[in-house]
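Enquirer: What follows is target_12.cif; its format and atoms are mmCIF, C-alpha atoms.
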data_my_file
#
loop_
_atom_site.label_atom_id
_atom_site.label_comp_id
_atom_site.auth_asym_id
_atom_site.auth_seq_id
_atom_site.Cartn_x
_atom_site.Cartn_y
_atom_site.Cartn_z
CA MET A 1 15.68 -82.34 -9.05
CA PRO A 2 14.88 -85.15 -11.47
CA LEU A 3 12.29 -87.85 -10.90
CA LYS A 4 13.24 -91.48 -10.49
CA LYS A 5 11.40 -94.32 -12.21
CA PHE A 6 11.00 -97.90 -11.02
CA LYS A 7 11.10 -101.28 -12.70
CA PRO A 8 7.59 -102.73 -13.07
CA TYR A 9 7.97 -105.52 -10.53
CA THR A 10 4.48 -104.75 -9.21
CA PRO A 11 1.43 -102.98 -10.72
CA SER A 12 1.98 -99.99 -8.43
CA SER A 13 5.58 -99.50 -9.58
CA ARG A 14 4.86 -99.71 -13.31
CA TYR A 15 4.11 -96.01 -13.83
CA LYS A 16 5.42 -94.68 -10.52
CA GLU A 17 7.61 -91.57 -10.71
CA LEU A 18 8.77 -90.06 -7.44
CA PRO A 19 11.29 -87.32 -6.55
CA ASP A 20 14.80 -88.52 -5.83
CA PHE A 21 15.25 -86.00 -2.94
CA ALA A 22 18.81 -85.35 -4.11
CA GLU A 23 18.61 -81.74 -2.93
CA ILE A 24 17.68 -82.73 0.65
CA THR A 25 20.69 -82.34 2.97
CA LYS A 26 19.02 -82.90 6.36
CA THR A 27 16.28 -85.36 7.28
CA THR A 28 15.37 -84.20 10.80
CA PRO A 29 13.69 -80.80 11.20
CA GLU A 30 14.78 -78.06 13.58
CA LYS A 31 12.92 -78.87 16.79
CA SER A 32 12.57 -75.25 17.92
CA LEU A 33 10.80 -74.36 14.66
CA CYS A 34 8.22 -77.20 14.76
CA ARG A 35 4.70 -77.03 16.12
CA PRO A 36 2.04 -79.77 16.50
CA ILE A 37 -0.89 -80.01 14.09
CA LYS A 38 -4.36 -81.15 15.07
CA LYS A 39 -6.21 -82.79 12.19
CA SER A 40 -9.85 -81.93 11.65
CA GLY A 41 -10.81 -84.60 9.10
CA GLY A 42 -12.66 -81.88 7.19
CA ARG A 43 -15.04 -81.23 10.11
CA ASN A 44 -15.94 -77.93 11.75
CA ASN A 45 -16.41 -77.18 15.47
CA GLN A 46 -19.83 -78.86 15.36
CA GLY A 47 -18.43 -82.11 13.99
CA ARG A 48 -20.02 -81.71 10.58
CA ILE A 49 -18.07 -82.35 7.39
CA THR A 50 -17.53 -79.02 5.64
CA CYS A 51 -14.66 -80.16 3.38
CA ARG A 52 -15.11 -83.60 1.87
CA HIS A 53 -12.48 -86.20 1.00
CA ARG A 54 -10.22 -85.44 3.95
CA GLY A 55 -9.08 -87.80 6.68
CA GLY A 56 -6.32 -90.12 7.80
CA GLY A 57 -2.82 -89.47 6.54
CA HIS A 58 0.59 -89.61 8.14
CA LYS A 59 1.28 -87.66 11.31
CA ARG A 60 2.98 -84.32 10.68
CA LYS A 61 4.55 -81.39 12.46
CA TYR A 62 4.21 -77.88 11.15
CA ARG A 63 7.41 -76.01 10.27
CA LEU A 64 7.35 -72.29 11.08
CA VAL A 65 8.27 -70.62 7.79
CA ASP A 66 9.28 -66.96 7.86
CA PHE A 67 7.10 -65.35 5.17
CA LYS A 68 7.69 -61.79 6.44
CA ARG A 69 11.52 -61.71 6.45
CA THR A 70 11.41 -58.99 9.11
CA LYS A 71 15.05 -59.50 10.17
CA ARG A 72 16.44 -56.76 7.93
CA ASP A 73 20.06 -56.07 6.95
CA VAL A 74 21.34 -59.15 8.80
CA VAL A 75 23.22 -61.77 6.80
CA ALA A 76 22.05 -65.36 7.17
CA LYS A 77 23.77 -68.57 6.09
CA VAL A 78 21.90 -71.50 4.57
CA GLU A 79 22.53 -74.49 6.82
CA SER A 80 20.37 -77.13 5.11
CA ILE A 81 17.67 -77.85 2.54
CA GLU A 82 14.84 -79.88 4.07
CA TYR A 83 11.63 -81.64 3.11
CA ASP A 84 8.38 -80.10 4.32
CA PRO A 85 5.34 -82.43 4.44
CA ASN A 86 2.96 -79.47 4.63
CA ARG A 87 3.80 -77.92 1.24
CA SER A 88 5.01 -78.86 -2.23
CA ALA A 89 8.16 -76.73 -2.05
CA ARG A 90 11.35 -77.47 -0.14
CA ILE A 91 12.41 -75.27 2.77
CA ALA A 92 15.83 -73.89 3.68
CA LEU A 93 17.10 -73.52 7.24
CA LEU A 94 18.82 -70.17 7.85
CA ARG A 95 21.14 -69.22 10.69
CA TYR A 96 21.60 -65.47 11.17
CA GLU A 97 24.80 -63.91 12.47
CA ASP A 98 23.22 -63.43 15.91
CA GLY A 99 22.38 -67.16 16.13
CA VAL A 100 18.66 -66.94 15.32
CA LYS A 101 17.33 -69.72 13.06
CA ALA A 102 14.46 -69.50 10.59
CA TYR A 103 12.91 -71.41 7.70
CA ILE A 104 12.27 -69.91 4.25
CA ILE A 105 10.95 -71.35 0.99
CA ALA A 106 13.93 -72.76 -0.92
CA PRO A 107 14.25 -71.22 -4.42
CA VAL A 108 15.99 -72.80 -7.40
CA GLY A 109 19.77 -72.46 -7.12
CA LEU A 110 19.94 -71.87 -3.38
CA GLU A 111 22.57 -74.21 -1.93
CA VAL A 112 23.99 -74.97 1.50
CA GLY A 113 26.55 -72.37 2.55
CA ALA A 114 25.00 -69.53 0.53
CA LYS A 115 24.44 -66.13 2.15
CA VAL A 116 21.02 -64.45 1.98
CA GLU A 117 19.72 -61.16 3.33
CA SER A 118 16.60 -59.02 3.38
CA GLY A 119 16.35 -55.24 3.22
CA GLU A 120 16.06 -52.26 0.90
CA SER A 121 19.75 -52.08 -0.04
CA VAL A 122 20.52 -55.77 -0.69
CA GLN A 123 21.63 -57.16 -4.04
CA PRO A 124 18.99 -58.85 -6.25
CA ASP A 125 20.45 -62.33 -5.75
CA VAL A 126 18.58 -65.60 -5.38
CA GLY A 127 17.06 -65.89 -1.91
CA ASN A 128 17.33 -62.20 -1.01
CA ALA A 129 14.17 -60.34 -0.01
CA MET A 130 13.52 -56.71 -0.92
CA PRO A 131 10.66 -54.32 -1.74
CA LEU A 132 9.18 -54.48 -5.21
CA SER A 133 10.45 -50.95 -5.87
CA ARG A 134 14.06 -52.22 -5.60
CA VAL A 135 13.66 -55.27 -7.85
CA PRO A 136 15.00 -55.01 -11.43
CA ILE A 137 12.30 -55.00 -14.10
CA GLY A 138 11.66 -58.44 -15.59
CA SER A 139 13.03 -60.41 -12.64
CA ASP A 140 11.46 -63.66 -11.46
CA ILE A 141 10.16 -63.32 -7.91
CA HIS A 142 8.22 -65.39 -5.39
CA ASN A 143 6.83 -65.01 -1.86
CA VAL A 144 5.13 -61.76 -2.84
CA GLU A 145 3.14 -59.73 -0.32
CA LEU A 146 -0.20 -58.12 -1.13
CA VAL A 147 -0.20 -55.88 1.94
CA PRO A 148 3.07 -54.43 3.29
CA GLY A 149 4.15 -56.28 6.41
CA LYS A 150 1.37 -58.89 6.27
CA GLY A 151 3.57 -61.67 4.90
CA ALA A 152 3.97 -63.37 1.55
CA CYS A 153 0.88 -65.00 0.07
CA ILE A 154 1.58 -65.23 -3.70
CA ALA A 155 3.82 -67.66 -5.64
CA ARG A 156 4.73 -70.00 -2.79
CA SER A 157 4.12 -73.46 -4.30
CA ALA A 158 6.69 -75.65 -6.05
CA GLY A 159 7.95 -74.20 -9.33
CA GLY A 160 5.86 -71.05 -8.97
CA HIS A 161 7.09 -67.57 -9.76
CA ALA A 162 5.78 -64.14 -10.62
CA THR A 163 7.38 -61.52 -12.88
CA LEU A 164 7.84 -57.84 -12.17
CA ALA A 165 6.53 -56.12 -15.31
CA ASN A 166 6.80 -52.44 -14.39
CA CYS A 167 6.76 -49.85 -11.62
CA GLU A 168 4.35 -46.92 -11.74
CA GLY A 169 4.70 -44.50 -8.85
CA LYS A 170 3.93 -46.24 -5.59
CA TYR A 171 2.56 -49.33 -7.34
CA ALA A 172 4.27 -52.19 -9.19
CA LEU A 173 2.76 -54.25 -12.00
CA VAL A 174 3.30 -57.95 -11.29
CA LYS A 175 2.39 -60.80 -13.59
CA LEU A 176 1.13 -63.59 -11.33
CA PRO A 177 1.55 -67.33 -11.97
CA SER A 178 -2.04 -67.48 -13.28
CA GLY A 179 -1.23 -64.92 -15.99
CA GLU A 180 -3.11 -62.13 -14.25
CA ILE A 181 -1.39 -58.74 -14.14
CA ARG A 182 -2.02 -57.02 -10.83
CA ARG A 183 -1.10 -53.67 -9.32
CA ILE A 184 0.66 -54.18 -5.95
CA ASN A 185 2.04 -51.67 -3.49
CA ALA A 186 5.73 -51.16 -4.30
CA ALA A 187 6.58 -51.31 -0.58
CA CYS A 188 5.54 -54.98 -0.44
CA TYR A 189 8.43 -57.40 -0.01
CA CYS A 190 9.24 -60.28 -2.32
CA THR A 191 12.03 -62.82 -2.74
CA ILE A 192 14.26 -63.09 -5.80
CA GLY A 193 14.14 -66.33 -7.78
CA ARG A 194 11.77 -69.15 -8.55
CA VAL A 195 10.43 -71.65 -6.03
CA GLY A 196 12.33 -74.95 -6.13
CA ASN A 197 11.13 -78.53 -6.69
CA ILE A 198 9.92 -77.62 -10.19
CA THR A 199 9.22 -81.27 -11.11
CA HIS A 200 6.53 -81.62 -8.45
CA GLY A 201 3.75 -81.51 -11.02
CA ASP A 202 5.17 -84.53 -12.88
CA VAL A 203 5.05 -86.88 -9.88
CA VAL A 204 3.01 -90.08 -10.43
CA SER A 205 2.04 -91.69 -7.12
CA GLY A 206 1.54 -95.14 -8.64
CA LYS A 207 -1.08 -96.36 -6.16
CA ALA A 208 -4.08 -95.18 -4.20
CA GLY A 209 -2.38 -95.82 -0.87
CA ARG A 210 0.14 -93.05 -1.40
CA THR A 211 -2.73 -90.60 -1.81
CA ARG A 212 -4.23 -91.84 1.46
CA TRP A 213 -0.89 -91.16 3.18
CA LEU A 214 -1.37 -87.51 2.22
CA GLY A 215 -4.71 -87.41 4.03
CA ILE A 216 -6.85 -87.47 0.87
CA ARG A 217 -9.84 -89.83 0.86
CA PRO A 218 -11.46 -91.29 -2.28
CA THR A 219 -13.62 -89.12 -4.53
CA VAL A 220 -16.65 -90.77 -6.14
CA ARG A 221 -18.30 -89.17 -9.18
CA GLY A 222 -21.90 -88.11 -8.66
CA MET A 223 -22.87 -89.70 -11.98
CA CYS A 224 -22.05 -93.12 -10.50
CA MET A 225 -24.44 -92.63 -7.57
CA ASN A 226 -28.16 -93.16 -7.18
CA PRO A 227 -30.64 -90.27 -7.49
CA VAL A 228 -31.12 -90.31 -3.72
CA ASP A 229 -27.42 -89.63 -3.17
CA HIS A 230 -26.62 -87.01 -5.82
CA PRO A 231 -28.45 -84.77 -8.32
CA ASN A 232 -26.40 -86.27 -11.18
CA GLY A 233 -27.11 -89.87 -10.14
CA GLY A 234 -29.41 -92.47 -11.64
CA GLY A 235 -30.35 -93.33 -15.21
CA GLU A 236 -30.14 -96.50 -17.25
CA GLY A 237 -26.45 -96.82 -17.95
CA LYS A 238 -24.15 -93.88 -18.42
CA SER A 239 -26.28 -90.74 -18.34
CA LYS A 240 -26.60 -87.30 -16.83
CA SER A 241 -29.03 -87.60 -13.91
CA GLY A 242 -32.04 -89.68 -14.73
CA GLY A 243 -31.22 -90.20 -18.38
CA GLY A 244 -31.55 -86.55 -19.42
CA ARG A 245 -28.82 -84.08 -20.25
CA GLN A 246 -28.64 -81.71 -17.27
CA HIS A 247 -26.24 -79.25 -15.78
CA LEU A 248 -23.48 -80.62 -13.57
CA LYS A 249 -24.31 -79.94 -9.95
CA SER A 250 -22.77 -80.30 -6.54
CA PRO A 251 -24.23 -82.81 -4.03
CA TRP A 252 -26.36 -79.94 -2.68
CA GLY A 253 -27.80 -78.93 -6.05
CA HIS A 254 -25.62 -75.92 -6.83
CA VAL A 255 -24.91 -75.61 -10.56
CA LYS A 256 -21.21 -75.79 -11.38
CA GLY A 257 -19.27 -73.74 -13.91
CA GLN A 258 -20.47 -70.31 -12.84
CA LYS A 259 -18.21 -67.48 -11.76
CA THR A 260 -17.66 -67.35 -8.01
CA ARG A 261 -15.88 -64.02 -7.73
CA LYS A 262 -18.05 -61.12 -6.61
CA LYS A 263 -18.86 -58.68 -9.40
CA TYR A 264 -18.14 -55.59 -7.31
CA LYS A 265 -15.09 -56.28 -5.20
CA THR A 266 -12.75 -53.74 -3.62
CA SER A 267 -9.63 -55.32 -5.15
CA ASN A 268 -10.99 -55.15 -8.71
CA LYS A 269 -9.31 -51.77 -9.20
CA PHE A 270 -5.89 -53.39 -8.69
CA ILE A 271 -6.35 -55.96 -11.47
CA VAL A 272 -4.96 -54.60 -14.73
CA GLN A 273 -5.50 -57.74 -16.84
CA ARG A 274 -7.46 -60.85 -15.98
CA ARG A 275 -5.92 -64.28 -16.21
CA LYS A 276 -6.41 -66.20 -19.43
CA THR A 277 -9.38 -68.57 -19.24
CA ARG A 278 -10.47 -71.40 -21.49
CA ASN A 279 -13.29 -69.31 -23.01
CA ASP A 280 -10.89 -66.43 -23.75
CA ASN A 281 -8.54 -68.76 -25.62
CA ALA A 282 -11.42 -70.11 -27.70
CA ARG A 283 -12.24 -66.63 -28.94
#
I need this file expressed as structure tokens, please.

Expert:
Amino acid sequence: MPLKKFKPYTPSSRYKELPDFAEITKTTPEKSLCRPIKKSGGRNNQGRITCRHRGGGHKRKYRLVDFKRTKRDVVAKVESIEYDPNRSARIALLRYEDGVKAYIIAPVGLEVGAKVESGESVQPDVGNAMPLSRVPIGSDIHNVELVPGKGACIARSAGGHATLANCEGKYALVKLPSGEIRRINAACYCTIGRVGNITHGDVVSGKAGRTRWLGIRPTVRGMCMNPVDHPNGGGEGKSKSGGGRQHLKSPWGHVKGQKTRKKYKTSNKFIVQRRKTRNDNAR
């Protein structure tokens, strides 16, 4: 899935790098697996903005992706690889032997015509789903569950993958994309392989308008504002809030850079090794 570059006929095409969509085999989604989306513009039920820099964007339909893979021991055939505007990864349309259709996240190497299956006795091939207890040690996995039967919630974005490090009793040690090693119930399902569209992080939009098409509005730095608009605003020239060196804050005065995870959290006992942070690397 290489990126395509453009000749610099215009300023917006000079550095533009976009996906070539060579892996896409079908341009129209499956109508029975689409649902409408109502945009909020970052506002809650009272009409107040609770998530800034959201609004506009192209109209979309949500594709129902099967993150649970509950249709066990039934072979499915990959009919097409499609584009999904709601996520960075590509999706694959499956047709089971009984005629049921479903979408899954398309991993690297999954092609049209391939056969996939989910269950405890399936082979560890790309696209197959199985419990962590059945996965070979050291395999790349994605779509990992944290609670059995709840549905996959880890390693779902483009190019993401986790690694099964070990199995200890009823728990499996999984190295997450962040580098964190976590203890997960071995009965949780996962999918073999790595999520496709691995060049997504190298995309260069080339112009501000393409970001607006995604529903992202402009972000203005607080340091460029006036003191009345932001705690970091003001000062003669480039400064940190009124000319003095101060802590970076949010528009509501909350100091940034502090840990947000609760010190005593129930899931702390499942974390074997924390992810590597910038401060840890400096030591």

Enquirer: Please provide as a PyMOL selection string all residues within 10 Å of segment 199-215 of chain A, with the sequence filter that same-chain residues fewer than 6 positions apart are discarded (counting all atoms listed in the file).

Expert: chain A and resi 1-5+11-19+39+41+53-59+85-86+88-89+157-159

Enquirer: Next, dump the selected residues to file, keeping only C-alpha atoms, as a short mmCIF file (atom, residue, chain, number, x, y, z; two decimals), in the frame of the given file.

Expert:
data_model
loop_
_atom_site.label_atom_id
_atom_site.label_comp_id
_atom_site.auth_asym_id
_atom_site.auth_seq_id
_atom_site.Cartn_x
_atom_site.Cartn_y
_atom_site.Cartn_z
CA MET A 1 15.68 -82.34 -9.05
CA PRO A 2 14.88 -85.15 -11.47
CA LEU A 3 12.29 -87.85 -10.90
CA LYS A 4 13.24 -91.48 -10.49
CA LYS A 5 11.40 -94.32 -12.21
CA PRO A 11 1.43 -102.98 -10.72
CA SER A 12 1.98 -99.99 -8.43
CA SER A 13 5.58 -99.50 -9.58
CA ARG A 14 4.86 -99.71 -13.31
CA TYR A 15 4.11 -96.01 -13.83
CA LYS A 16 5.42 -94.68 -10.52
CA GLU A 17 7.61 -91.57 -10.71
CA LEU A 18 8.77 -90.06 -7.44
CA PRO A 19 11.29 -87.32 -6.55
CA LYS A 39 -6.21 -82.79 12.19
CA GLY A 41 -10.81 -84.60 9.10
CA HIS A 53 -12.48 -86.20 1.00
CA ARG A 54 -10.22 -85.44 3.95
CA GLY A 55 -9.08 -87.80 6.68
CA GLY A 56 -6.32 -90.12 7.80
CA GLY A 57 -2.82 -89.47 6.54
CA HIS A 58 0.59 -89.61 8.14
CA LYS A 59 1.28 -87.66 11.31
CA PRO A 85 5.34 -82.43 4.44
CA ASN A 86 2.96 -79.47 4.63
CA SER A 88 5.01 -78.86 -2.23
CA ALA A 89 8.16 -76.73 -2.05
CA SER A 157 4.12 -73.46 -4.30
CA ALA A 158 6.69 -75.65 -6.05
CA GLY A 159 7.95 -74.20 -9.33
#

Enquirer: Write out as a PyMOL selection string each polymer residue whose atoms come within 12 Å of segment 274-276 of chain A, counting all atoms listed in the file; drop sequence neighbours fewer than 6 positions from it.

Expert: chain A and resi 175-183+268+282-283

Enquirer: Using all atoms listed in the file, which protein or nucleic acid residues come within 10 Å of segment 74-79 of chain A? Drop anything in the same chain fewer than 5 positions from it, and give the result as an MDAnalysis selection string.

Expert: chainID A and resid 25:26 92:104 106 110:119 122 127:128

Enquirer: What does the structure give for the distance between atom CA of Gly151 of chain A and atom CA of Gly196 of chain A, in Å to one decimal?

Expert: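 So the two atoms, atom CA of Gly151 of chain A and atom CA of Gly196 of chain A, lie 19.4 Å apart.
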
Enquirer: By how many Å are atom CA of Gly160 of chain A and atom CA of His142 of chain A apart?

Expert: 7.1 Å

Enquirer: Using only C-alpha atoms, which protein or nucleic acid residues come within 9 Å of Arg90 of chain A? Drop anything in the same chain fewer than 4 positions from it, and give the result as a PyMOL selection string.

Expert: chain A and resi 23-24+81-84+104-107+158+195-197

Enquirer: Work out how far atom CA of Gln273 of chain A is from atom CA of Asn166 of chain A, in Å to one decimal.

Expert: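 Taking atom CA of Asn166 of chain A and atom CA of Gln273 of chain A, their separation equals 13.6 Å.
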
Enquirer: Under the PyMOL selection byres ((chain A and resi 146) around 10), which residues of this model are included? Write them out as a list in words.

Expert: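 Output of the PyMOL selection byres ((chain A and resi 146) around 10): Asn143, Val144, Glu145, Val147, Pro148, Gly149, Lys150, Gly151, Ala152, Cys153, Ile154, Arg182, Arg183, Ile184, Asn185, Ala186, Ala187, Cys188, Tyr189 and Cys190 of chain A.
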
Enquirer: Report, as lines of an AutoDock Vina configuration file, the centre and edge lengths in Å (one decimal) of the axis-aligned box enclosing every listed atom of segment 18-23 of chain A, padded by 3 Å on each side.

Expert:
center_x = 13.8
center_y = -85.9
center_z = -5.2
size_x = 16.0
size_y = 14.3
size_z = 10.5

Enquirer: So that I can see what lies close to His254 of chain A, please list as a list of chain:residue names the residues with an atom at most 12 Å from it, counting all atoms listed in the file and leaving out residues fewer than 4 positions away in the same chain.

Expert: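 Counting all atoms listed in the file, the residues come to A:His230, A:Pro231, A:Asn232, A:His247, A:Leu248, A:Lys249, A:Ser250, A:Gln258, A:Thr260.
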
Enquirer: Return as a count of residues only the set of residues that the PyMOL selection byres ((chain A and resi 34) around 8) yields on the displayed structure.

Expert: 11

Enquirer: Select, from A:Lys238, A:Lys269, A:Arg69, A:Lys263, the residue with the minimum atom-to-atom distance to Arg221 of chain A, counting only C-alpha atoms.

Expert: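 Once distances to Arg221 of chain A are computed over only C-alpha atoms, the minimum belongs to A:Lys238.
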
Enquirer: Pick the closest to Arg87 of chain A from A:Lys68, A:Val255, A:Arg60, A:Tyr264: which is it, counting all atoms listed in the file?

Expert: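 Closest residue, counting all atoms listed in the file: A:Arg60.
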
Enquirer: Can you turn the PyMOL selection byres ((chain A and resi 223) around 10) into a concrete residue list for this file, as an NGL selection string?

Expert: :A and (220-222 or 224-227 or 229-235 or 237-242 or 248)

Enquirer: In terms of the shortest atom-to-atom distance over all atoms listed in the file, which of A:Ile216, A:Ala155, A:Met130, A:Ala22 is closest to Thr191 of chain A?

Expert: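 Closest to Thr191 of chain A of all the choices is A:Met130.
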